[in-house]
Amino acid sequence: IDVMLQDAKGGALGSYDNATVTEESEITFQGNKALKFRADNGQFYMDYLIFLEKNRLFQLVILRDGSYPDKKNVKKFFDSFELIKE
């Protein structure tokens, strides 16, 4: 799981030239191992939450031009996501 989360992070960052991670933490999100990070390339600023649930990879992202999104709004957005388990 750790390798898949790190690979997904690498793929996400590969979409942005010279993106650098400024914060990163391993968390549990709705009972699933997750990776949460902030990164930027000087123009685009992003907050990512990546996690696996069974055989599905989920990526939640807020992308902003010019500065990081407010952490309170990022938390509100990430917390609004709800997995519907069958």
# chains A, B, ... in the order shown; residues from 1 in each chain; ligands from 1
$ select_by_dssp --residues "chain A" --states "helix (DSSP H, G or I)" --output "list of chain:residue names"
A:Asp2, A:Val3, A:Met4, A:Leu5, A:Gln6, A:Asp7, A:Ala8, A:Lys9, A:Gly10, A:Gly11, A:Ala12, A:Leu13, A:Lys71, A:Lys72, A:Asn73, A:Val74, A:Lys75, A:Lys76, A:Phe77, A:Phe78, A:Asp79, A:Ser80
$ residues_around --residues "Asp47 of chain A" --least-positions-apart "6" --cutoff "8 Å" --atoms "only C-alpha atoms" --output "list in words"
Lys36, Phe37, Arg38, Ala39, Val61, Ile62, Leu63, Tyr68, Pro69 and Val74 of chain A
$ residues_around --residues "Phe44 of chain A" --least-positions-apart "3" --cutoff "6 Å" --atoms "only C-alpha atoms" --output "MDAnalysis selection string"
chainID A and resid 40:41 64:65
$ residues_around --residues "Gln6 of chain A" --least-positions-apart "4" --cutoff "12 Å" --atoms "only C-alpha atoms" --output "ChimeraX atom specification"
/A:1-2,10-13,24-26,33-37,49-52,57
$ write_last_selection --atoms "all heavy atoms" --output "short mmCIF file (atom, residue, chain, number, x, y, z; two decimals), in the first residue's frame"
data_model
loop_
_atom_site.label_atom_id
_atom_site.label_comp_id
_atom_site.auth_asym_id
_atom_site.auth_seq_id
_atom_site.Cartn_x
_atom_site.Cartn_y
_atom_site.Cartn_z
N ILE A 1 0.83 -1.19 0.00
CA ILE A 1 0.00 0.00 0.00
C ILE A 1 0.87 1.25 0.00
O ILE A 1 0.60 2.20 -0.74
CB ILE A 1 -0.97 -0.01 1.20
CG1 ILE A 1 -2.00 -1.13 1.02
CG2 ILE A 1 -1.67 1.33 1.34
CD1 ILE A 1 -2.91 -1.33 2.19
N ASP A 2 1.93 1.24 0.82
CA ASP A 2 2.82 2.41 0.87
C ASP A 2 3.43 2.73 -0.48
O ASP A 2 3.49 3.89 -0.89
CB ASP A 2 3.93 2.20 1.89
CG ASP A 2 3.43 2.17 3.32
OD1 ASP A 2 2.39 2.80 3.60
OD2 ASP A 2 4.07 1.50 4.15
N GLY A 10 3.87 10.40 -6.93
CA GLY A 10 4.83 10.71 -7.99
C GLY A 10 4.13 11.00 -9.31
O GLY A 10 4.52 11.91 -10.05
N GLY A 11 3.10 10.22 -9.63
CA GLY A 11 2.34 10.46 -10.85
C GLY A 11 1.63 11.79 -10.83
O GLY A 11 1.60 12.51 -11.83
N ALA A 12 1.05 12.13 -9.69
CA ALA A 12 0.35 13.41 -9.56
C ALA A 12 1.32 14.57 -9.72
O ALA A 12 1.05 15.53 -10.45
CB ALA A 12 -0.36 13.49 -8.21
N LEU A 13 2.47 14.47 -9.07
CA LEU A 13 3.46 15.56 -9.15
C LEU A 13 4.09 15.66 -10.53
O LEU A 13 4.50 16.74 -10.95
CB LEU A 13 4.54 15.37 -8.09
CG LEU A 13 4.07 15.51 -6.65
CD1 LEU A 13 5.20 15.17 -5.69
CD2 LEU A 13 3.54 16.91 -6.38
N GLU A 24 4.01 16.62 4.15
CA GLU A 24 3.52 15.28 3.83
C GLU A 24 3.29 14.53 5.13
O GLU A 24 4.08 14.63 6.07
CB GLU A 24 4.55 14.53 2.98
CG GLU A 24 4.12 13.14 2.59
CD GLU A 24 5.09 12.46 1.63
OE1 GLU A 24 5.77 13.16 0.85
OE2 GLU A 24 5.16 11.23 1.66
N SER A 25 2.19 13.77 5.17
CA SER A 25 1.93 12.93 6.33
C SER A 25 1.13 11.70 5.92
O SER A 25 0.33 11.75 4.98
CB SER A 25 1.17 13.72 7.41
OG SER A 25 -0.03 14.24 6.91
N GLU A 26 1.40 10.61 6.63
CA GLU A 26 0.63 9.38 6.47
C GLU A 26 -0.49 9.44 7.49
O GLU A 26 -0.24 9.69 8.67
CB GLU A 26 1.51 8.16 6.68
CG GLU A 26 2.56 7.99 5.61
CD GLU A 26 3.44 6.78 5.83
OE1 GLU A 26 3.18 6.00 6.79
OE2 GLU A 26 4.39 6.61 5.07
N LYS A 33 -5.55 3.47 4.93
CA LYS A 33 -4.25 4.12 4.94
C LYS A 33 -4.23 5.17 3.83
O LYS A 33 -4.69 4.91 2.71
CB LYS A 33 -3.15 3.09 4.71
CG LYS A 33 -1.80 3.57 5.07
CD LYS A 33 -0.83 2.42 5.13
CE LYS A 33 0.41 2.89 5.85
NZ LYS A 33 1.38 1.82 5.98
N ALA A 34 -3.72 6.36 4.15
CA ALA A 34 -3.76 7.47 3.19
C ALA A 34 -2.49 8.29 3.26
O ALA A 34 -1.74 8.24 4.24
CB ALA A 34 -4.97 8.35 3.48
N LEU A 35 -2.28 9.05 2.22
CA LEU A 35 -1.16 9.97 2.13
C LEU A 35 -1.72 11.36 1.84
O LEU A 35 -2.51 11.53 0.90
CB LEU A 35 -0.21 9.54 1.00
CG LEU A 35 1.09 10.30 0.84
CD1 LEU A 35 1.95 10.15 2.09
CD2 LEU A 35 1.84 9.78 -0.37
N LYS A 36 -1.34 12.31 2.66
CA LYS A 36 -1.82 13.68 2.50
C LYS A 36 -0.59 14.55 2.31
O LYS A 36 0.39 14.42 3.05
CB LYS A 36 -2.58 14.09 3.77
CG LYS A 36 -3.22 15.44 3.72
CD LYS A 36 -4.01 15.66 5.01
CE LYS A 36 -4.57 17.06 5.06
NZ LYS A 36 -5.27 17.30 6.32
N PHE A 37 -0.62 15.42 1.29
CA PHE A 37 0.54 16.28 1.06
C PHE A 37 0.17 17.58 0.39
O PHE A 37 -0.89 17.69 -0.23
CB PHE A 37 1.63 15.55 0.26
CG PHE A 37 1.25 15.16 -1.14
CD1 PHE A 37 1.53 15.99 -2.21
CD2 PHE A 37 0.62 13.95 -1.39
CE1 PHE A 37 1.19 15.63 -3.50
CE2 PHE A 37 0.30 13.57 -2.68
CZ PHE A 37 0.57 14.41 -3.74
N LEU A 49 -4.98 14.38 -1.19
CA LEU A 49 -5.27 13.27 -0.29
C LEU A 49 -5.43 12.05 -1.19
O LEU A 49 -6.27 12.04 -2.09
CB LEU A 49 -6.54 13.52 0.51
CG LEU A 49 -7.03 12.37 1.38
CD1 LEU A 49 -6.01 12.05 2.47
CD2 LEU A 49 -8.37 12.71 2.00
N ILE A 50 -4.59 11.05 -0.99
CA ILE A 50 -4.61 9.84 -1.80
C ILE A 50 -4.79 8.65 -0.87
O ILE A 50 -4.10 8.54 0.15
CB ILE A 50 -3.29 9.68 -2.59
CG1 ILE A 50 -3.05 10.88 -3.49
CG2 ILE A 50 -3.29 8.39 -3.39
CD1 ILE A 50 -1.69 10.88 -4.17
N PHE A 51 -5.73 7.76 -1.21
CA PHE A 51 -5.91 6.56 -0.39
C PHE A 51 -6.44 5.41 -1.23
O PHE A 51 -6.98 5.61 -2.32
CB PHE A 51 -6.82 6.84 0.81
CG PHE A 51 -8.26 7.15 0.46
CD1 PHE A 51 -9.22 6.17 0.51
CD2 PHE A 51 -8.64 8.43 0.11
CE1 PHE A 51 -10.54 6.44 0.20
CE2 PHE A 51 -9.95 8.74 -0.19
CZ PHE A 51 -10.91 7.74 -0.15
N LEU A 52 -6.23 4.23 -0.70
CA LEU A 52 -6.72 3.00 -1.32
C LEU A 52 -7.86 2.45 -0.48
O LEU A 52 -7.78 2.41 0.75
CB LEU A 52 -5.63 1.94 -1.39
CG LEU A 52 -4.55 2.13 -2.43
CD1 LEU A 52 -3.39 1.18 -2.16
CD2 LEU A 52 -5.10 1.91 -3.82
N LEU A 57 -8.15 3.25 -6.09
CA LEU A 57 -7.31 4.36 -5.66
C LEU A 57 -8.13 5.64 -5.79
O LEU A 57 -8.69 5.92 -6.85
CB LEU A 57 -6.06 4.47 -6.53
CG LEU A 57 -5.14 5.64 -6.23
CD1 LEU A 57 -4.40 5.39 -4.92
CD2 LEU A 57 -4.16 5.85 -7.36
#
$ atom_distance --atom1 "atom CA of Asn73 of chain A" --atom2 "atom CA of Lys54 of chain A"
27.8 Å
$ atom_distance --atom1 "atom CA of Met46 of chain A" --atom2 "atom CA of Leu5 of chain A"
16.6 Å
$ closest_residue --among "A:Gln30, A:Phe78, A:Tyr16, A:Gln43" --to "Gln59 of chain A" --atoms "only C-alpha atoms"
A:Phe78
$ select_by_dssp --residues "chain A" --states "strand (DSSP E or B)" --output "ChimeraX atom specification"
/A:20-29,32-40,44-53,56-65
$ closest_residue --among "A:Phe29, A:Asn18, A:Tyr45, A:Asp7" --to "Asp70 of chain A" --atoms "only C-alpha atoms"
A:Tyr45
$ atom_distance --atom1 "atom CA of Val21 of chain A" --atom2 "atom CA of Tyr48 of chain A"
10.4 Å
$ closest_residue --among "A:Lys85, A:Ala8, A:Val3, A:Ile27" --to "Glu53 of chain A" --atoms "only C-alpha atoms"
A:Lys85
$ closest_residue --among "A:Ser15, A:Glu23, A:Asn32, A:Lys9" --to "Arg56 of chain A" --atoms "only C-alpha atoms"
A:Asn32
$ closest_residue --among "A:Asp17, A:Thr22, A:Gly31, A:Met4" --to "Glu82 of chain A" --atoms "only C-alpha atoms"
A:Gly31
